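Reproduced below: upload_2.cif, with mmCIF, N, CA and C atoms.
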data_upload
loop_
_atom_site.label_atom_id
_atom_site.label_comp_id
_atom_site.auth_asym_id
_atom_site.auth_seq_id
_atom_site.Cartn_x
_atom_site.Cartn_y
_atom_site.Cartn_z
N MET A 1 25.99 32.39 3.24
CA MET A 1 24.90 31.55 3.69
C MET A 1 24.06 31.17 2.47
N ASN A 2 23.69 29.94 2.40
CA ASN A 2 22.92 29.40 1.27
C ASN A 2 23.61 29.63 -0.06
N GLY A 3 24.95 29.57 -0.06
CA GLY A 3 25.69 29.71 -1.31
C GLY A 3 25.71 31.11 -1.88
N ARG A 4 25.27 32.09 -1.12
CA ARG A 4 25.18 33.47 -1.61
C ARG A 4 25.51 34.43 -0.47
N CYS A 5 26.21 35.51 -0.82
CA CYS A 5 26.54 36.52 0.17
C CYS A 5 26.40 37.90 -0.46
N ARG A 6 25.72 38.79 0.23
CA ARG A 6 25.56 40.18 -0.25
C ARG A 6 26.54 41.06 0.50
N VAL A 7 27.34 41.84 -0.23
CA VAL A 7 28.29 42.78 0.38
C VAL A 7 27.87 44.19 -0.03
N GLU A 8 27.55 45.01 0.97
CA GLU A 8 27.23 46.42 0.72
C GLU A 8 28.49 47.22 0.99
N LEU A 9 28.87 48.07 0.06
CA LEU A 9 30.08 48.87 0.20
C LEU A 9 29.86 50.02 1.18
N ASP A 10 30.93 50.42 1.82
CA ASP A 10 30.91 51.50 2.80
C ASP A 10 30.41 52.79 2.13
N PRO A 11 29.45 53.47 2.71
CA PRO A 11 28.93 54.72 2.12
C PRO A 11 30.01 55.78 1.91
N LEU A 12 31.00 55.84 2.79
CA LEU A 12 32.10 56.79 2.63
C LEU A 12 32.91 56.49 1.38
N PHE A 13 33.15 55.19 1.13
CA PHE A 13 33.84 54.78 -0.11
C PHE A 13 33.00 55.16 -1.32
N LEU A 14 31.70 54.93 -1.25
CA LEU A 14 30.82 55.23 -2.39
C LEU A 14 30.77 56.73 -2.70
N GLU A 15 31.05 57.59 -1.71
CA GLU A 15 31.11 59.03 -1.96
C GLU A 15 32.35 59.42 -2.77
N THR A 16 33.35 58.57 -2.79
CA THR A 16 34.62 58.92 -3.45
C THR A 16 34.79 58.32 -4.84
N VAL A 17 33.87 57.45 -5.24
CA VAL A 17 33.99 56.77 -6.54
C VAL A 17 32.70 56.93 -7.34
N THR A 18 32.80 56.62 -8.63
CA THR A 18 31.63 56.60 -9.49
C THR A 18 31.41 55.17 -9.97
N ILE A 19 30.27 54.63 -9.62
CA ILE A 19 29.89 53.28 -10.07
C ILE A 19 28.54 53.41 -10.75
N ASP A 20 28.54 53.27 -12.06
CA ASP A 20 27.29 53.36 -12.81
C ASP A 20 27.43 52.49 -14.06
N GLN A 21 26.51 52.65 -15.00
CA GLN A 21 26.49 51.83 -16.22
C GLN A 21 27.78 51.93 -17.03
N SER A 22 28.35 53.13 -17.14
CA SER A 22 29.55 53.31 -17.96
C SER A 22 30.84 53.25 -17.14
N ASN A 23 30.74 53.25 -15.82
CA ASN A 23 31.91 53.18 -14.94
C ASN A 23 31.69 52.07 -13.93
N GLY A 24 31.90 50.86 -14.37
CA GLY A 24 31.70 49.71 -13.48
C GLY A 24 32.85 49.55 -12.50
N MET A 25 32.62 48.77 -11.47
CA MET A 25 33.68 48.47 -10.52
C MET A 25 34.22 47.08 -10.84
N HIS A 26 35.43 46.83 -10.37
CA HIS A 26 36.03 45.50 -10.48
C HIS A 26 36.10 44.93 -9.08
N VAL A 27 35.67 43.68 -8.93
CA VAL A 27 35.67 43.02 -7.63
C VAL A 27 36.55 41.78 -7.74
N PHE A 28 37.54 41.71 -6.85
CA PHE A 28 38.46 40.57 -6.81
C PHE A 28 38.18 39.79 -5.53
N ILE A 29 37.86 38.52 -5.67
CA ILE A 29 37.49 37.65 -4.55
C ILE A 29 38.62 36.68 -4.26
N GLN A 30 38.93 36.49 -2.98
CA GLN A 30 39.90 35.49 -2.54
C GLN A 30 39.23 34.57 -1.53
N PRO A 31 38.78 33.37 -1.98
CA PRO A 31 38.16 32.43 -1.03
C PRO A 31 39.21 31.85 -0.09
N TYR A 32 38.84 31.62 1.18
CA TYR A 32 39.74 31.03 2.17
C TYR A 32 39.33 29.63 2.59
N GLU A 33 38.21 29.17 2.13
CA GLU A 33 37.73 27.84 2.51
C GLU A 33 37.89 26.88 1.34
N GLN A 34 38.28 25.67 1.64
CA GLN A 34 38.39 24.66 0.59
C GLN A 34 36.98 24.34 0.08
N GLY A 35 36.86 24.17 -1.20
CA GLY A 35 35.56 23.90 -1.79
C GLY A 35 34.83 25.16 -2.21
N SER A 36 35.47 26.31 -2.06
CA SER A 36 34.83 27.57 -2.44
C SER A 36 35.15 27.95 -3.88
N VAL A 37 35.51 26.97 -4.68
CA VAL A 37 35.80 27.27 -6.08
C VAL A 37 34.50 27.43 -6.84
N GLY A 38 34.55 28.17 -7.91
CA GLY A 38 33.36 28.35 -8.72
C GLY A 38 32.42 29.39 -8.17
N VAL A 39 32.98 30.54 -7.79
CA VAL A 39 32.12 31.63 -7.34
C VAL A 39 32.04 32.67 -8.44
N VAL A 40 30.93 33.37 -8.47
CA VAL A 40 30.73 34.44 -9.44
C VAL A 40 30.27 35.69 -8.67
N VAL A 41 30.60 36.85 -9.22
CA VAL A 41 30.25 38.11 -8.58
C VAL A 41 29.20 38.82 -9.44
N ASN A 42 28.09 39.17 -8.82
CA ASN A 42 27.06 39.98 -9.47
C ASN A 42 27.17 41.38 -8.88
N ARG A 43 27.55 42.34 -9.71
CA ARG A 43 27.78 43.70 -9.23
C ARG A 43 26.53 44.56 -9.28
N HIS A 44 26.44 45.47 -8.31
CA HIS A 44 25.36 46.45 -8.25
C HIS A 44 26.02 47.82 -8.05
N THR A 45 25.27 48.87 -7.98
CA THR A 45 25.87 50.19 -7.82
C THR A 45 26.32 50.48 -6.39
N THR A 46 25.81 49.75 -5.41
CA THR A 46 26.19 49.99 -4.02
C THR A 46 26.86 48.78 -3.37
N GLY A 47 27.06 47.72 -4.12
CA GLY A 47 27.68 46.53 -3.57
C GLY A 47 27.69 45.41 -4.58
N PHE A 48 27.79 44.19 -4.08
CA PHE A 48 27.84 43.03 -4.97
C PHE A 48 27.42 41.78 -4.22
N ASP A 49 27.05 40.75 -5.00
CA ASP A 49 26.72 39.43 -4.46
C ASP A 49 27.81 38.47 -4.88
N VAL A 50 28.18 37.58 -3.97
CA VAL A 50 29.10 36.49 -4.29
C VAL A 50 28.26 35.23 -4.26
N VAL A 51 28.24 34.49 -5.39
CA VAL A 51 27.39 33.31 -5.52
C VAL A 51 28.27 32.10 -5.79
N ASN A 52 28.09 31.05 -5.00
CA ASN A 52 28.80 29.79 -5.22
C ASN A 52 28.03 28.99 -6.25
N LEU A 53 28.65 28.73 -7.38
CA LEU A 53 27.97 28.03 -8.47
C LEU A 53 27.87 26.53 -8.23
N ALA A 54 28.82 25.98 -7.50
CA ALA A 54 28.87 24.53 -7.34
C ALA A 54 27.93 24.01 -6.27
N ASP A 55 27.71 24.81 -5.20
CA ASP A 55 26.94 24.31 -4.06
C ASP A 55 26.07 25.44 -3.50
N ALA A 56 24.78 25.32 -3.69
CA ALA A 56 23.85 26.37 -3.25
C ALA A 56 23.72 26.43 -1.73
N THR A 57 24.28 25.46 -1.01
CA THR A 57 24.21 25.47 0.45
C THR A 57 25.56 25.81 1.07
N ALA A 58 26.57 26.10 0.25
CA ALA A 58 27.93 26.33 0.74
C ALA A 58 28.03 27.64 1.51
N SER A 59 29.00 27.66 2.40
CA SER A 59 29.37 28.89 3.09
C SER A 59 30.87 28.85 3.32
N GLY A 60 31.48 30.00 3.48
CA GLY A 60 32.92 30.03 3.69
C GLY A 60 33.42 31.45 3.73
N ALA A 61 34.61 31.59 4.28
CA ALA A 61 35.21 32.91 4.41
C ALA A 61 35.90 33.32 3.11
N PHE A 62 35.91 34.62 2.85
CA PHE A 62 36.63 35.16 1.70
C PHE A 62 36.96 36.62 1.99
N SER A 63 37.91 37.13 1.23
CA SER A 63 38.20 38.56 1.27
C SER A 63 37.93 39.11 -0.11
N TYR A 64 37.88 40.41 -0.22
CA TYR A 64 37.61 41.03 -1.51
C TYR A 64 38.34 42.35 -1.62
N ARG A 65 38.53 42.75 -2.86
CA ARG A 65 39.09 44.06 -3.17
C ARG A 65 38.23 44.67 -4.26
N VAL A 66 37.84 45.91 -4.06
CA VAL A 66 37.00 46.61 -5.03
C VAL A 66 37.82 47.76 -5.63
N VAL A 67 37.79 47.87 -6.95
CA VAL A 67 38.47 48.95 -7.66
C VAL A 67 37.43 49.68 -8.48
N ALA A 68 37.40 51.01 -8.33
CA ALA A 68 36.46 51.83 -9.09
C ALA A 68 37.12 53.15 -9.42
N LYS A 69 36.57 53.86 -10.39
CA LYS A 69 37.13 55.14 -10.80
C LYS A 69 36.79 56.24 -9.80
N ARG A 70 37.78 57.10 -9.54
CA ARG A 70 37.58 58.21 -8.60
C ARG A 70 36.53 59.17 -9.14
N ARG A 71 35.68 59.62 -8.24
CA ARG A 71 34.67 60.61 -8.61
C ARG A 71 35.35 61.87 -9.13
N VAL A 72 34.84 62.44 -10.18
CA VAL A 72 35.31 63.66 -10.86
C VAL A 72 36.48 63.36 -11.80
N PHE A 73 37.17 62.24 -11.63
CA PHE A 73 38.32 61.91 -12.47
C PHE A 73 38.05 60.69 -13.35
N GLU A 74 36.80 60.42 -13.64
CA GLU A 74 36.43 59.21 -14.38
C GLU A 74 37.12 59.13 -15.74
N ALA A 75 37.26 60.25 -16.42
CA ALA A 75 37.84 60.25 -17.78
C ALA A 75 39.33 60.58 -17.79
N LYS A 76 39.90 60.90 -16.64
CA LYS A 76 41.31 61.30 -16.57
C LYS A 76 42.21 60.09 -16.71
N ARG A 77 43.21 60.22 -17.55
CA ARG A 77 44.22 59.18 -17.72
C ARG A 77 45.56 59.77 -17.32
N LEU A 78 46.54 58.91 -17.09
CA LEU A 78 47.87 59.42 -16.77
C LEU A 78 48.42 60.17 -17.96
N ASP A 79 49.13 61.27 -17.69
CA ASP A 79 49.76 62.03 -18.75
C ASP A 79 50.91 61.23 -19.34
N VAL A 80 51.14 61.42 -20.63
CA VAL A 80 52.25 60.75 -21.30
C VAL A 80 53.52 61.50 -20.98
N CYS A 81 54.52 60.78 -20.54
CA CYS A 81 55.82 61.37 -20.24
C CYS A 81 56.72 61.10 -21.46
N GLU A 82 57.01 62.14 -22.22
CA GLU A 82 57.79 61.96 -23.44
C GLU A 82 59.17 61.36 -23.17
N ALA A 83 59.78 61.70 -22.04
CA ALA A 83 61.10 61.15 -21.72
C ALA A 83 61.06 59.64 -21.58
N ALA A 84 59.92 59.11 -21.18
CA ALA A 84 59.80 57.67 -20.99
C ALA A 84 59.87 56.91 -22.30
N ARG A 85 59.53 57.57 -23.39
CA ARG A 85 59.54 56.89 -24.69
C ARG A 85 60.94 56.42 -25.09
N THR A 86 61.98 57.05 -24.56
CA THR A 86 63.35 56.65 -24.90
C THR A 86 64.02 55.93 -23.74
N ASP A 87 63.29 55.58 -22.71
CA ASP A 87 63.85 54.90 -21.55
C ASP A 87 64.11 53.43 -21.88
N SER A 88 65.38 53.04 -21.85
CA SER A 88 65.73 51.67 -22.23
C SER A 88 65.32 50.65 -21.17
N TYR A 89 65.00 51.10 -19.97
CA TYR A 89 64.51 50.16 -18.95
C TYR A 89 63.04 49.84 -19.17
N LEU A 90 62.27 50.80 -19.68
CA LEU A 90 60.87 50.54 -20.01
C LEU A 90 60.74 49.81 -21.33
N TYR A 91 61.64 50.10 -22.26
CA TYR A 91 61.61 49.50 -23.59
C TYR A 91 62.97 48.85 -23.85
N PRO A 92 63.17 47.60 -23.42
CA PRO A 92 64.48 46.94 -23.58
C PRO A 92 64.96 46.89 -25.02
N GLU A 93 64.05 46.85 -25.98
CA GLU A 93 64.47 46.82 -27.38
C GLU A 93 65.23 48.09 -27.74
N ARG A 94 64.94 49.20 -27.07
CA ARG A 94 65.68 50.44 -27.30
C ARG A 94 67.09 50.33 -26.73
N ARG A 95 67.27 49.56 -25.67
CA ARG A 95 68.58 49.37 -25.09
C ARG A 95 69.51 48.72 -26.11
N GLU A 96 68.96 47.73 -26.82
CA GLU A 96 69.77 47.04 -27.83
C GLU A 96 70.18 48.02 -28.93
N ILE A 97 69.25 48.88 -29.33
CA ILE A 97 69.55 49.88 -30.36
C ILE A 97 70.59 50.85 -29.83
N SER A 98 70.43 51.29 -28.58
CA SER A 98 71.37 52.24 -27.98
C SER A 98 72.75 51.63 -27.85
N GLU A 99 72.82 50.36 -27.44
CA GLU A 99 74.11 49.69 -27.32
C GLU A 99 74.78 49.54 -28.68
N GLU A 100 73.98 49.24 -29.70
CA GLU A 100 74.52 49.12 -31.05
C GLU A 100 75.05 50.47 -31.53
N ARG A 101 74.30 51.53 -31.28
CA ARG A 101 74.75 52.87 -31.68
C ARG A 101 76.03 53.26 -30.93
N ALA A 102 76.09 52.94 -29.64
CA ALA A 102 77.29 53.26 -28.85
C ALA A 102 78.49 52.51 -29.40
N TRP A 103 78.28 51.24 -29.77
CA TRP A 103 79.37 50.45 -30.34
C TRP A 103 79.84 51.07 -31.66
N MET A 104 78.88 51.49 -32.50
CA MET A 104 79.23 52.11 -33.78
C MET A 104 80.00 53.41 -33.55
N GLU A 105 79.60 54.20 -32.55
CA GLU A 105 80.31 55.44 -32.24
C GLU A 105 81.73 55.15 -31.79
N ARG A 106 81.90 54.14 -30.94
CA ARG A 106 83.26 53.78 -30.49
C ARG A 106 84.12 53.34 -31.66
N GLU A 107 83.54 52.57 -32.57
CA GLU A 107 84.28 52.12 -33.75
C GLU A 107 84.68 53.32 -34.62
N ARG A 108 83.75 54.24 -34.79
CA ARG A 108 84.02 55.42 -35.60
C ARG A 108 85.16 56.25 -34.97
N GLU A 109 85.09 56.41 -33.64
CA GLU A 109 86.12 57.18 -32.94
C GLU A 109 87.47 56.49 -33.04
N ALA A 110 87.48 55.18 -32.94
CA ALA A 110 88.72 54.41 -32.99
C ALA A 110 89.36 54.47 -34.37
N SER A 111 88.56 54.60 -35.39
CA SER A 111 89.12 54.61 -36.76
C SER A 111 89.63 55.98 -37.17
N ARG A 112 89.43 57.00 -36.38
CA ARG A 112 89.89 58.35 -36.72
C ARG A 112 91.33 58.55 -36.42
#

Rewrite the structure of this file - the entire thing - as structure tokens.
Amino acid sequence: MNGRCRVELDPLFLETVTIDQSNGMHVFIQPYEQGSVGVVVNRHTTGFDVVNLADATASGAFSYRVVAKRRVFEAKRLDVCEAARTDSYLYPERREISEERAWMEREREASR
């Protein structure tokens, strides 16, 4: 309404995440109405505003997705899996090296 919409996040969701100065949330907006281009999101600690930049009187439907860091796990990152470093599906350039080495081994075996 009036080109602006305030969305307050569910309190239960807010209990499970940390949203503060150093742990911001990401908000993804999907407008469903034609002419809803040019929106901006102003984030707060308990919700966000969606503002239509092109038309201050615009209104329209949209959906959103909010991503935030889990409470207590803010600094936790995925562990490095050492086996993945040699996975040729994750690193195709390694597949080429592996195929070349396999070819060299076959050639060596054939020449014996």

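Each of A:Glu8, A:Glu74, A:Asp55, A:Glu93 was compared to A:Ser22 using only C-alpha atoms, and A:Glu74 turns out to be the nearest.
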
Output of the PyMOL selection byres ((chain A and resi 25) around 7), listed as an MDAnalysis selection string = chainID A and resid 18:20 23:24 26:27 66:69

Take the selection from the previous step and output its residues with N, CA and C atoms, as a PDB file, keeping the file's coordinate frame.
ATOM      1  N   THR A  18      32.800  56.620  -8.630  1.00  0.00           N
ATOM      2  CA  THR A  18      31.630  56.600  -9.490  1.00  0.00           C
ATOM      3  C   THR A  18      31.410  55.170  -9.970  1.00  0.00           C
ATOM      4  N   ILE A  19      30.270  54.630  -9.620  1.00  0.00           N
ATOM      5  CA  ILE A  19      29.890  53.280 -10.070  1.00  0.00           C
ATOM      6  C   ILE A  19      28.540  53.410 -10.750  1.00  0.00           C
ATOM      7  N   ASP A  20      28.540  53.270 -12.060  1.00  0.00           N
ATOM      8  CA  ASP A  20      27.290  53.360 -12.810  1.00  0.00           C
ATOM      9  C   ASP A  20      27.430  52.490 -14.060  1.00  0.00           C
ATOM     10  N   ASN A  23      30.740  53.250 -15.820  1.00  0.00           N
ATOM     11  CA  ASN A  23      31.910  53.180 -14.940  1.00  0.00           C
ATOM     12  C   ASN A  23      31.690  52.070 -13.930  1.00  0.00           C
ATOM     13  N   GLY A  24      31.900  50.860 -14.370  1.00  0.00           N
ATOM     14  CA  GLY A  24      31.700  49.710 -13.480  1.00  0.00           C
ATOM     15  C   GLY A  24      32.850  49.550 -12.500  1.00  0.00           C
ATOM     16  N   HIS A  26      35.430  46.830 -10.370  1.00  0.00           N
ATOM     17  CA  HIS A  26      36.030  45.500 -10.480  1.00  0.00           C
ATOM     18  C   HIS A  26      36.100  44.930  -9.080  1.00  0.00           C
ATOM     19  N   VAL A  27      35.670  43.680  -8.930  1.00  0.00           N
ATOM     20  CA  VAL A  27      35.670  43.020  -7.630  1.00  0.00           C
ATOM     21  C   VAL A  27      36.550  41.780  -7.740  1.00  0.00           C
ATOM     22  N   VAL A  66      37.840  45.910  -4.060  1.00  0.00           N
ATOM     23  CA  VAL A  66      37.000  46.610  -5.030  1.00  0.00           C
ATOM     24  C   VAL A  66      37.820  47.760  -5.630  1.00  0.00           C
ATOM     25  N   VAL A  67      37.790  47.870  -6.950  1.00  0.00           N
ATOM     26  CA  VAL A  67      38.470  48.950  -7.660  1.00  0.00           C
ATOM     27  C   VAL A  67      37.430  49.680  -8.480  1.00  0.00           C
ATOM     28  N   ALA A  68      37.400  51.010  -8.330  1.00  0.00           N
ATOM     29  CA  ALA A  68      36.460  51.830  -9.090  1.00  0.00           C
ATOM     30  C   ALA A  68      37.120  53.150  -9.420  1.00  0.00           C
ATOM     31  N   LYS A  69      36.570  53.860 -10.390  1.00  0.00           N
ATOM     32  CA  LYS A  69      37.130  55.140 -10.800  1.00  0.00           C
ATOM     33  C   LYS A  69      36.790  56.240  -9.800  1.00  0.00           C
TER      34      LYS A  69
END

Residue contacts of A:Asn52 (7 Å, only N, CA and C atoms) excluding same-chain residues fewer than 4 positions away, as a PyMOL selection string: chain A and resi 2-5+36-40+56+58

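Proximity ranking of A:Gln34, A:Arg77, A:Thr86, A:Phe48 relative to A:Gly60 places A:Gln34 first, based on only N, CA and C atoms.
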
So that all listed atoms of stretch 29-43 of chain A fit with 3 Å spare on each side, what axis-aligned box centre and edge lengths in Å, to one decimal, would you give as JSON?
{"center_x": 33.2, "center_y": 34.2, "center_z": -3.6, "size_x": 19.4, "size_y": 26.7, "size_z": 18.3}

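Taking atom C of A:Arg6 and atom N of A:Asn42 as endpoints, the distance between them is 9.6 Å.
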
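Here, the PyMOL selection byres ((chain A and resi 61) around 7) matches Gln30, Pro31, Tyr32, Glu33, Ser59, Gly60, Phe62 and Ser63 of chain A.
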
Keeping only N, CA and C atoms, take the residues you just selected and write them out as a compact mmCIF listing (two decimals), in the coordinates of the input.
# COMPACT_ATOMS: atom_id res chain seq x y z
N GLN A 30 38.93 36.49 -2.98
CA GLN A 30 39.90 35.49 -2.54
C GLN A 30 39.23 34.57 -1.53
N PRO A 31 38.78 33.37 -1.98
CA PRO A 31 38.16 32.43 -1.03
C PRO A 31 39.21 31.85 -0.09
N TYR A 32 38.84 31.62 1.18
CA TYR A 32 39.74 31.03 2.17
C TYR A 32 39.33 29.63 2.59
N GLU A 33 38.21 29.17 2.13
CA GLU A 33 37.73 27.84 2.51
C GLU A 33 37.89 26.88 1.34
N SER A 59 29.00 27.66 2.40
CA SER A 59 29.37 28.89 3.09
C SER A 59 30.87 28.85 3.32
N GLY A 60 31.48 30.00 3.48
CA GLY A 60 32.92 30.03 3.69
C GLY A 60 33.42 31.45 3.73
N PHE A 62 35.91 34.62 2.85
CA PHE A 62 36.63 35.16 1.70
C PHE A 62 36.96 36.62 1.99
N SER A 63 37.91 37.13 1.23
CA SER A 63 38.20 38.56 1.27
C SER A 63 37.93 39.11 -0.11

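For the pair atom CA of A:Asp49 and atom CA of A:Leu12, the interatomic distance is 19.5 Å.
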
Atom CA of A:Phe28 to atom CA of A:Tyr64 measures 5.4 Å

Where does DSSP see helix (DSSP H, G or I) in chain A, if you list the residues as a PyMOL selection string? chain A and resi 11-16+82-86+92-110

Across A:Met104, A:Ile29, A:Leu14, A:Cys81, the smallest distance to A:Thr45, with only C-alpha atoms counted, is shown by A:Leu14

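Each of A:Ala54, A:Arg70, A:Ala83, A:His44 was compared to A:Glu15 using all atoms listed in the file, and A:Arg70 turns out to be the nearest.
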
Stretch 46-85 of chain A: which residues are strand (DSSP E or B) by DSSP, as an MDAnalysis selection string?
chainID A and resid 47:52 62:67 69:70
